[in-house]
file model_4.txt (compact mmCIF, C-alpha atoms)
# COMPACT_ATOMS: atom_id res chain seq x y z
CA MET A 1 -41.41 126.07 -16.38
CA SER A 2 -44.85 126.51 -17.84
CA GLY A 3 -47.18 125.06 -20.43
CA HIS A 4 -50.71 123.95 -21.19
CA SER A 5 -52.25 120.65 -20.06
CA LYS A 6 -55.43 120.67 -22.14
CA TRP A 7 -53.67 118.35 -24.59
CA SER A 8 -52.95 115.76 -21.91
CA THR A 9 -56.56 115.75 -20.75
CA ILE A 10 -57.86 115.28 -24.28
CA LYS A 11 -55.28 112.68 -25.21
CA ARG A 12 -55.60 110.62 -22.06
CA LYS A 13 -59.36 110.25 -22.46
CA LYS A 14 -59.02 109.53 -26.17
CA GLY A 15 -56.52 106.81 -25.40
CA ALA A 16 -58.90 105.19 -22.94
CA ASN A 17 -61.60 105.19 -25.61
CA ASP A 18 -59.27 103.53 -28.13
CA ALA A 19 -58.43 100.76 -25.68
CA ALA A 20 -62.12 100.21 -24.86
CA ARG A 21 -62.84 99.68 -28.55
CA ALA A 22 -60.02 97.13 -28.84
CA LYS A 23 -58.63 99.10 -31.79
CA VAL A 24 -55.28 99.72 -30.16
CA PHE A 25 -53.84 96.28 -31.05
CA THR A 26 -54.49 96.80 -34.75
CA LYS A 27 -53.10 100.33 -34.75
CA ILE A 28 -49.94 99.43 -32.85
CA GLY A 29 -49.48 96.35 -35.02
CA ARG A 30 -49.34 98.59 -38.08
CA GLU A 31 -46.89 100.95 -36.40
CA LEU A 32 -44.65 98.01 -35.53
CA ALA A 33 -44.78 96.72 -39.11
CA VAL A 34 -43.73 100.09 -40.52
CA ALA A 35 -40.98 100.54 -37.94
CA VAL A 36 -39.55 97.07 -38.62
CA LYS A 37 -39.66 97.62 -42.37
CA ASN A 38 -37.87 100.97 -42.08
CA GLY A 39 -35.32 100.14 -39.39
CA GLY A 40 -35.18 96.41 -38.71
CA ALA A 41 -36.59 94.16 -36.00
CA ASP A 42 -33.99 94.84 -33.28
CA PRO A 43 -35.21 97.52 -30.84
CA ALA A 44 -31.64 97.92 -29.55
CA VAL A 45 -30.70 99.63 -32.83
CA ASN A 46 -34.15 100.76 -34.02
CA THR A 47 -35.15 103.56 -31.65
CA ARG A 48 -38.52 104.07 -33.33
CA LEU A 49 -39.39 100.42 -32.79
CA LYS A 50 -38.25 100.67 -29.18
CA ASP A 51 -40.61 103.61 -28.62
CA ILE A 52 -43.54 101.74 -30.20
CA ILE A 53 -42.92 98.65 -28.04
CA ALA A 54 -42.98 100.92 -24.97
CA LYS A 55 -46.21 102.48 -26.24
CA ALA A 56 -47.71 99.00 -26.70
CA LYS A 57 -46.89 98.07 -23.11
CA GLN A 58 -48.37 101.34 -21.83
CA ASN A 59 -51.56 100.45 -23.69
CA ASN A 60 -51.65 97.04 -21.97
CA VAL A 61 -50.79 95.00 -25.05
CA PRO A 62 -49.58 91.63 -23.65
CA ASN A 63 -45.94 90.69 -24.25
CA ASP A 64 -47.00 87.59 -26.20
CA ASN A 65 -48.98 89.76 -28.59
CA ILE A 66 -46.04 92.13 -29.03
CA GLU A 67 -43.74 89.18 -29.82
CA ARG A 68 -46.20 87.81 -32.39
CA MET A 69 -46.50 91.24 -34.00
CA LEU A 70 -42.71 91.55 -34.22
CA LYS A 71 -42.27 88.07 -35.71
CA LYS A 72 -45.01 88.74 -38.25
CA ALA A 73 -43.52 92.09 -39.20
CA ALA A 74 -39.99 90.67 -39.51
CA GLY A 75 -41.07 87.78 -41.72
CA ASP A 76 -43.84 89.44 -43.73
CA SER A 77 -41.89 90.85 -46.66
CA ALA A 78 -44.87 90.31 -48.97
CA GLY A 79 -47.40 91.85 -46.59
CA ALA A 80 -49.32 95.09 -46.90
CA ASN A 81 -47.17 98.09 -47.71
CA TYR A 82 -48.37 100.77 -45.27
CA GLU A 83 -47.57 104.39 -45.91
CA GLU A 84 -47.75 107.26 -43.47
CA VAL A 85 -50.12 110.07 -44.48
CA ILE A 86 -51.23 113.22 -42.68
CA TYR A 87 -54.61 114.83 -43.39
CA GLU A 88 -55.62 118.29 -42.23
CA GLY A 89 -58.89 120.12 -41.92
CA TYR A 90 -61.43 121.97 -39.82
CA GLY A 91 -64.20 120.56 -37.68
CA PRO A 92 -67.35 122.33 -36.45
CA GLY A 93 -66.79 125.83 -35.10
CA GLY A 94 -63.40 126.13 -36.78
CA VAL A 95 -61.63 123.50 -34.65
CA ALA A 96 -58.32 122.61 -36.30
CA VAL A 97 -57.80 118.87 -36.86
CA VAL A 98 -54.74 116.81 -37.82
CA VAL A 99 -55.18 113.14 -38.70
CA GLU A 100 -52.28 110.68 -38.85
CA ALA A 101 -52.91 107.52 -40.86
CA LEU A 102 -51.10 104.36 -41.93
CA THR A 103 -52.71 103.06 -45.09
CA ASP A 104 -52.17 100.60 -47.91
CA ASN A 105 -54.69 102.46 -50.08
CA ARG A 106 -54.45 106.27 -50.17
CA ASN A 107 -57.62 106.70 -52.22
CA ARG A 108 -59.74 104.68 -49.78
CA THR A 109 -58.41 106.42 -46.70
CA ALA A 110 -58.61 109.92 -48.17
CA GLY A 111 -62.22 109.30 -49.17
CA GLU A 112 -63.14 108.08 -45.71
CA VAL A 113 -61.38 110.98 -43.97
CA ARG A 114 -63.08 113.51 -46.24
CA HIS A 115 -66.44 111.86 -45.52
CA TYR A 116 -65.92 112.20 -41.74
CA PHE A 117 -65.09 115.89 -42.07
CA ASP A 118 -68.11 116.51 -44.31
CA LYS A 119 -70.51 114.54 -42.12
CA ALA A 120 -69.53 116.65 -39.10
CA GLY A 121 -70.04 119.91 -40.96
CA GLY A 122 -66.32 120.53 -41.31
CA ASN A 123 -64.04 120.32 -44.32
CA MET A 124 -60.78 118.61 -45.24
CA GLY A 125 -58.10 121.12 -46.21
CA ALA A 126 -55.02 121.10 -48.39
CA GLN A 127 -51.60 120.11 -47.11
CA GLY A 128 -50.31 122.82 -44.78
CA SER A 129 -53.72 124.37 -44.12
CA VAL A 130 -53.76 123.41 -40.43
CA LEU A 131 -50.43 121.85 -39.48
CA PHE A 132 -48.74 125.22 -39.00
CA MET A 133 -50.93 125.69 -35.90
CA PHE A 134 -49.31 122.67 -34.24
CA SER A 135 -45.81 121.73 -33.16
CA LYS A 136 -44.57 118.15 -32.95
CA GLN A 137 -43.38 117.32 -29.44
CA GLY A 138 -42.73 114.32 -27.26
CA ILE A 139 -45.27 114.13 -24.44
CA ILE A 140 -44.70 112.01 -21.33
CA LEU A 141 -47.30 111.70 -18.58
CA VAL A 142 -45.88 110.57 -15.23
CA GLU A 143 -48.27 109.40 -12.51
CA LYS A 144 -48.19 111.70 -9.48
CA ASP A 145 -49.12 109.00 -6.97
CA GLY A 146 -46.12 108.68 -4.67
CA ALA A 147 -43.80 110.67 -6.94
CA ASP A 148 -41.81 113.66 -5.71
CA GLU A 149 -42.26 116.65 -8.03
CA ASP A 150 -38.70 117.92 -7.68
CA ALA A 151 -37.26 114.46 -8.30
CA VAL A 152 -39.36 113.95 -11.44
CA MET A 153 -38.47 117.40 -12.75
CA GLU A 154 -34.76 116.93 -12.08
CA ALA A 155 -34.64 113.51 -13.75
CA ALA A 156 -36.56 114.78 -16.77
CA LEU A 157 -34.51 117.93 -17.29
CA GLU A 158 -31.20 116.13 -16.79
CA ALA A 159 -32.27 113.65 -19.49
CA GLY A 160 -32.97 116.47 -21.94
CA ALA A 161 -36.64 117.39 -21.45
CA ALA A 162 -37.73 120.77 -22.82
CA ASP A 163 -40.58 121.54 -20.42
CA PHE A 164 -42.16 120.34 -17.19
CA ILE A 165 -45.83 121.08 -16.49
CA ASP A 166 -47.68 120.57 -13.21
CA ASP A 167 -51.30 121.63 -13.62
CA ASP A 168 -53.09 118.28 -13.68
CA GLU A 169 -54.43 116.43 -10.63
CA ASP A 170 -53.08 113.02 -11.61
CA TYR A 171 -50.07 113.51 -13.87
CA PHE A 172 -46.88 115.48 -14.36
CA GLU A 173 -46.58 116.40 -18.03
CA ILE A 174 -43.11 116.42 -19.57
CA ARG A 175 -42.42 117.73 -23.07
CA THR A 176 -39.42 116.91 -25.22
CA GLU A 177 -38.14 117.34 -28.73
CA PRO A 178 -39.53 114.37 -30.73
CA GLY A 179 -36.09 112.80 -31.08
CA ASP A 180 -35.47 112.96 -27.31
CA LEU A 181 -38.68 111.17 -26.29
CA GLY A 182 -37.13 107.72 -25.87
CA THR A 183 -34.09 108.98 -23.95
CA VAL A 184 -36.19 110.95 -21.46
CA ARG A 185 -38.72 108.12 -21.06
CA GLU A 186 -35.94 105.61 -20.34
CA ALA A 187 -34.36 107.92 -17.77
CA LEU A 188 -37.67 108.28 -15.94
CA GLU A 189 -38.28 104.53 -16.06
CA LYS A 190 -34.78 103.93 -14.69
CA ALA A 191 -35.61 106.30 -11.83
CA SER A 192 -38.67 104.10 -11.10
CA PHE A 193 -41.34 106.66 -11.96
CA ASN A 194 -44.62 105.28 -13.31
CA ILE A 195 -45.25 106.45 -16.87
CA ALA A 196 -48.86 106.55 -18.05
CA SER A 197 -48.01 107.38 -21.66
CA ALA A 198 -45.11 108.54 -23.81
CA GLU A 199 -45.45 109.41 -27.48
CA SER A 200 -44.92 112.04 -30.14
CA ALA A 201 -47.83 114.45 -30.51
CA TYR A 202 -49.00 117.42 -32.52
CA VAL A 203 -49.62 120.05 -29.84
CA PRO A 204 -51.69 123.13 -30.76
CA ALA A 205 -50.38 126.64 -30.15
CA THR A 206 -53.89 127.96 -29.52
CA TYR A 207 -57.25 126.42 -28.67
CA THR A 208 -60.82 126.85 -29.95
CA ARG A 209 -63.75 126.61 -27.55
CA LEU A 210 -67.08 125.11 -28.61
CA ASP A 211 -70.17 126.29 -26.76
CA ASN A 212 -72.87 125.41 -29.29
CA GLU A 213 -74.44 122.06 -28.37
CA THR A 214 -74.81 120.99 -32.00
CA ASP A 215 -71.15 121.73 -32.73
CA ILE A 216 -70.10 119.83 -29.60
CA GLN A 217 -72.12 116.77 -30.64
CA LYS A 218 -70.78 116.89 -34.20
CA MET A 219 -67.18 117.27 -33.06
CA SER A 220 -67.51 114.38 -30.60
CA ARG A 221 -69.01 112.20 -33.30
CA MET A 222 -66.29 113.12 -35.79
CA ILE A 223 -63.58 112.11 -33.31
CA GLU A 224 -65.35 108.78 -32.74
CA MET A 225 -65.51 108.12 -36.49
CA PHE A 226 -61.79 108.78 -36.88
CA GLU A 227 -60.91 106.61 -33.88
CA ASP A 228 -63.01 103.72 -35.20
CA ASN A 229 -61.14 103.70 -38.52
CA ASP A 230 -58.28 101.17 -38.55
CA ASP A 231 -56.26 103.32 -40.96
CA VAL A 232 -56.26 106.28 -38.56
CA GLN A 233 -53.47 106.06 -36.01
CA ASP A 234 -54.11 109.34 -34.21
CA ILE A 235 -56.25 112.44 -34.37
CA TRP A 236 -55.04 115.74 -32.93
CA HIS A 237 -57.14 118.86 -32.51
CA ASN A 238 -57.33 122.18 -30.67
CA TRP A 239 -60.80 121.78 -29.17
CA GLU A 240 -60.31 123.54 -25.84
CA ASN A 241 -63.13 122.05 -23.80
CA ALA A 242 -63.07 118.53 -25.28
CA GLY A 243 -62.19 117.07 -21.89
CA ASP A 244 -65.58 118.19 -20.60
CA PHE A 245 -67.37 115.93 -23.08
CA ASP A 246 -65.11 112.87 -23.72
CA ASP A 247 -66.13 109.93 -21.57
call {"tool": "encode", "arguments": {"input": "model_4.txt", "output": "structure tokens"}}
result
Amino acid sequence: MSGHSKWSTIKRKKGANDAARAKVFTKIGRELAVAVKNGGADPAVNTRLKDIIAKAKQNNVPNDNIERMLKKAAGDSAGANYEEVIYEGYGPGGVAVVVEALTDNRNRTAGEVRHYFDKAGGNMGAQGSVLFMFSKQGIILVEKDGADEDAVMEAALEAGAADFIDDDEDYFEIRTEPGDLGTVREALEKASFNIASAESAYVPATYTRLDNETDIQKMSRMIEMFEDNDDVQDIWHNWENAGDFDD
């Protein structure tokens, strides 16, 4: 089976940056609050919550913190009412960008997102202007160290994975339908494979390369601004050579 691993390179480095900025606790806390509000506080019956708890653990959120977040979410009926919003636009050089946010103030968040696009020399587009270039998929990265490729592939495909990609030095990349992410992840965990990350993602169909130094600097800075905003949960883009510049 075949695919493209540029996404995993970009996402893995982005995730490391999020953790370094200590923003991940806040972002996951919001995701937990929304999941509990929409489906209850029991991960045994709330599959979305179960996936977020797994994501929290993969991002090294301590179990005590996860428990506190769950208790707060379950008992905070009068707390902030977060709503999921997707923003779309173009960065420097025509790079397509999708921004996922959880916000309690649409006007504030929209203004900030527009400002980041403008400051980088891009522009925020209307709904549907960019999203058609992406498909939503589940992405699981399994650590290669000590793992047998055939065994990982067999376990993933038997659990319902849609694609298996082996063109990264450190990870096997497994793609699923968004609704199958949790099932495939649990099957791989049960088989004792080490999972580096597992989450739903907007994966681009095509990529845009930036070779102009100014565009590269502006795009890097725009990503940093989005990642530093507590309302922004994730940013997805089709910048082909981003992995060459993300630290």
call {"tool": "residues_around", "arguments": {"input": "model_4.txt", "residues": "Glu84 (chain A)", "least_positions_apart": "6", "cutoff": "10 Å", "atoms": "only C-alpha atoms", "output": "list in words"}}
result
Glu31, Val34, Glu100, Ala101, Leu102, Thr103, Asp104, Arg106, Asp231, Val232 and Gln233 of chain A
call {"tool": "closest_residue", "arguments": {"input": "model_4.txt", "among": "A:Ile235, A:Val61, A:Ile216, A:Met225", "to": "Tyr116 (chain A)", "atoms": "all atoms listed in the file"}}
result
A:Met225
call {"tool": "residues_around", "arguments": {"input": "model_4.txt", "residues": "region 41-54 of chain A", "least_positions_apart": "5", "cutoff": "7 Å", "atoms": "only C-alpha atoms", "output": "list in words"}}
result
Leu32, Ala35, Val36, Leu70, Ala74 and Gly182 of chain A
call {"tool": "residues_around", "arguments": {"input": "model_4.txt", "residues": "region 93-97 of chain A", "least_positions_apart": "5", "cutoff": "10 Å", "atoms": "all atoms listed in the file", "output": "JSON, numbers by chain"}}
result
{"A": [87, 88, 117, 121, 122, 123, 124, 125, 129, 130, 131, 133, 134, 202, 204, 206, 207, 208, 209, 210, 211, 212, 214, 215, 216, 218, 219, 223, 235, 236, 237, 238, 239, 240]}
call {"tool": "closest_residue", "arguments": {"input": "model_4.txt", "among": "A:Phe226, A:Phe25, A:Tyr82, A:Phe132", "to": "Lys57 (chain A)", "atoms": "only C-alpha atoms"}}
result
A:Phe25
call {"tool": "atom_distance", "arguments": {"input": "model_4.txt", "atom1": "CA of Ser200 (chain A)", "atom2": "CA of Arg175 (chain A)"}}
result
9.4 Å
call {"tool": "residues_around", "arguments": {"input": "model_4.txt", "residues": "region 186-198 of chain A", "least_positions_apart": "6", "cutoff": "9 Å", "atoms": "all atoms listed in the file", "output": "list in words"}}
result
Arg12, Asp51, Ala54, Lys55, Gln58, Asn59, Gly138, Ile139, Ile140, Leu141, Val142, Glu143, Lys144, Asp145, Gly146, Ala147, Val152, Ala155, Ala156, Glu158, Ala159 and Tyr171 of chain A
call {"tool": "atom_distance", "arguments": {"input": "model_4.txt", "atom1": "CA of Gly40 (chain A)", "atom2": "CA of Gly75 (chain A)"}}
result
10.9 Å
call {"tool": "closest_residue", "arguments": {"input": "model_4.txt", "among": "A:Pro62, A:Gly160, A:Gly29, A:Gly89", "to": "Ile174 (chain A)", "atoms": "all atoms listed in the file"}}
result
A:Gly160
call {"tool": "atom_distance", "arguments": {"input": "model_4.txt", "atom1": "CA of Ile86 (chain A)", "atom2": "CA of Asp230 (chain A)"}}
result
14.6 Å
call {"tool": "closest_residue", "arguments": {"input": "model_4.txt", "among": "A:Ala201, A:Met69, A:Asn81, A:Asn229", "to": "Val98 (chain A)", "atoms": "only C-alpha atoms"}}
result
A:Ala201
call {"tool": "closest_residue", "arguments": {"input": "model_4.txt", "among": "A:Asp234, A:Glu199, A:Val24, A:Glu213", "to": "Val184 (chain A)", "atoms": "only C-alpha atoms"}}
result
A:Glu199
call {"tool": "build_atoms", "arguments": {"input": "model_4.txt", "residues": "region 147-178 of chain A", "atoms": "N, CA and C atoms", "output": "short mmCIF file (atom, residue, chain, number, x, y, z; two decimals), keeping the file's coordinate frame"}}
result
data_model
loop_
_atom_site.label_atom_id
_atom_site.label_comp_id
_atom_site.auth_asym_id
_atom_site.auth_seq_id
_atom_site.Cartn_x
_atom_site.Cartn_y
_atom_site.Cartn_z
N ALA A 147 -44.98 110.11 -6.28
CA ALA A 147 -43.80 110.67 -6.94
C ALA A 147 -43.50 112.07 -6.42
N ASP A 148 -42.23 112.35 -6.18
CA ASP A 148 -41.81 113.66 -5.71
C ASP A 148 -41.62 114.59 -6.92
N GLU A 149 -42.29 115.73 -6.89
CA GLU A 149 -42.26 116.65 -8.03
C GLU A 149 -40.84 117.07 -8.39
N ASP A 150 -40.06 117.47 -7.40
CA ASP A 150 -38.70 117.92 -7.68
C ASP A 150 -37.85 116.81 -8.27
N ALA A 151 -38.04 115.59 -7.79
CA ALA A 151 -37.26 114.46 -8.30
C ALA A 151 -37.62 114.15 -9.75
N VAL A 152 -38.92 114.19 -10.06
CA VAL A 152 -39.36 113.95 -11.44
C VAL A 152 -38.82 115.03 -12.37
N MET A 153 -38.95 116.28 -11.93
CA MET A 153 -38.47 117.40 -12.75
C MET A 153 -36.96 117.30 -13.00
N GLU A 154 -36.22 117.01 -11.94
CA GLU A 154 -34.76 116.93 -12.08
C GLU A 154 -34.35 115.81 -13.03
N ALA A 155 -34.98 114.64 -12.88
CA ALA A 155 -34.64 113.51 -13.75
C ALA A 155 -34.98 113.82 -15.20
N ALA A 156 -36.13 114.46 -15.40
CA ALA A 156 -36.56 114.78 -16.77
C ALA A 156 -35.64 115.80 -17.42
N LEU A 157 -35.34 116.86 -16.71
CA LEU A 157 -34.51 117.93 -17.29
C LEU A 157 -33.08 117.46 -17.52
N GLU A 158 -32.55 116.65 -16.60
CA GLU A 158 -31.20 116.13 -16.79
C GLU A 158 -31.12 115.22 -18.01
N ALA A 159 -32.24 114.56 -18.33
CA ALA A 159 -32.27 113.65 -19.49
C ALA A 159 -32.51 114.38 -20.81
N GLY A 160 -32.81 115.70 -20.71
CA GLY A 160 -32.97 116.47 -21.94
C GLY A 160 -34.37 116.96 -22.22
N ALA A 161 -35.28 116.91 -21.24
CA ALA A 161 -36.64 117.39 -21.45
C ALA A 161 -36.64 118.90 -21.71
N ALA A 162 -37.63 119.35 -22.48
CA ALA A 162 -37.73 120.77 -22.82
C ALA A 162 -38.65 121.53 -21.88
N ASP A 163 -39.62 120.85 -21.27
CA ASP A 163 -40.58 121.54 -20.42
C ASP A 163 -41.16 120.57 -19.40
N PHE A 164 -41.54 121.11 -18.25
CA PHE A 164 -42.16 120.34 -17.19
C PHE A 164 -43.41 121.09 -16.74
N ILE A 165 -44.56 120.42 -16.77
CA ILE A 165 -45.83 121.08 -16.49
C ILE A 165 -46.53 120.36 -15.34
N ASP A 166 -46.97 121.13 -14.36
CA ASP A 166 -47.68 120.57 -13.21
C ASP A 166 -48.99 121.34 -13.02
N ASP A 167 -49.98 121.04 -13.84
CA ASP A 167 -51.30 121.63 -13.62
C ASP A 167 -52.41 120.62 -13.90
N ASP A 168 -52.11 119.35 -13.56
CA ASP A 168 -53.09 118.28 -13.68
C ASP A 168 -53.12 117.54 -12.34
N GLU A 169 -54.29 117.08 -11.93
CA GLU A 169 -54.43 116.43 -10.63
C GLU A 169 -53.66 115.11 -10.54
N ASP A 170 -53.59 114.39 -11.65
CA ASP A 170 -53.08 113.02 -11.61
C ASP A 170 -51.70 112.82 -12.23
N TYR A 171 -51.28 113.74 -13.11
CA TYR A 171 -50.07 113.51 -13.87
C TYR A 171 -49.16 114.74 -13.92
N PHE A 172 -47.85 114.49 -13.93
CA PHE A 172 -46.88 115.48 -14.36
C PHE A 172 -46.74 115.33 -15.87
N GLU A 173 -46.72 116.44 -16.57
CA GLU A 173 -46.58 116.40 -18.03
C GLU A 173 -45.19 116.90 -18.42
N ILE A 174 -44.46 116.09 -19.15
CA ILE A 174 -43.11 116.42 -19.57
C ILE A 174 -43.07 116.49 -21.09
N ARG A 175 -42.49 117.56 -21.62
CA ARG A 175 -42.42 117.73 -23.07
C ARG A 175 -40.97 117.68 -23.53
N THR A 176 -40.76 117.07 -24.68
CA THR A 176 -39.42 116.91 -25.22
C THR A 176 -39.43 117.23 -26.71
N GLU A 177 -38.24 117.38 -27.28
CA GLU A 177 -38.14 117.34 -28.73
C GLU A 177 -38.49 115.92 -29.15
N PRO A 178 -39.12 115.72 -30.34
CA PRO A 178 -39.53 114.37 -30.73
C PRO A 178 -38.41 113.34 -30.67
#
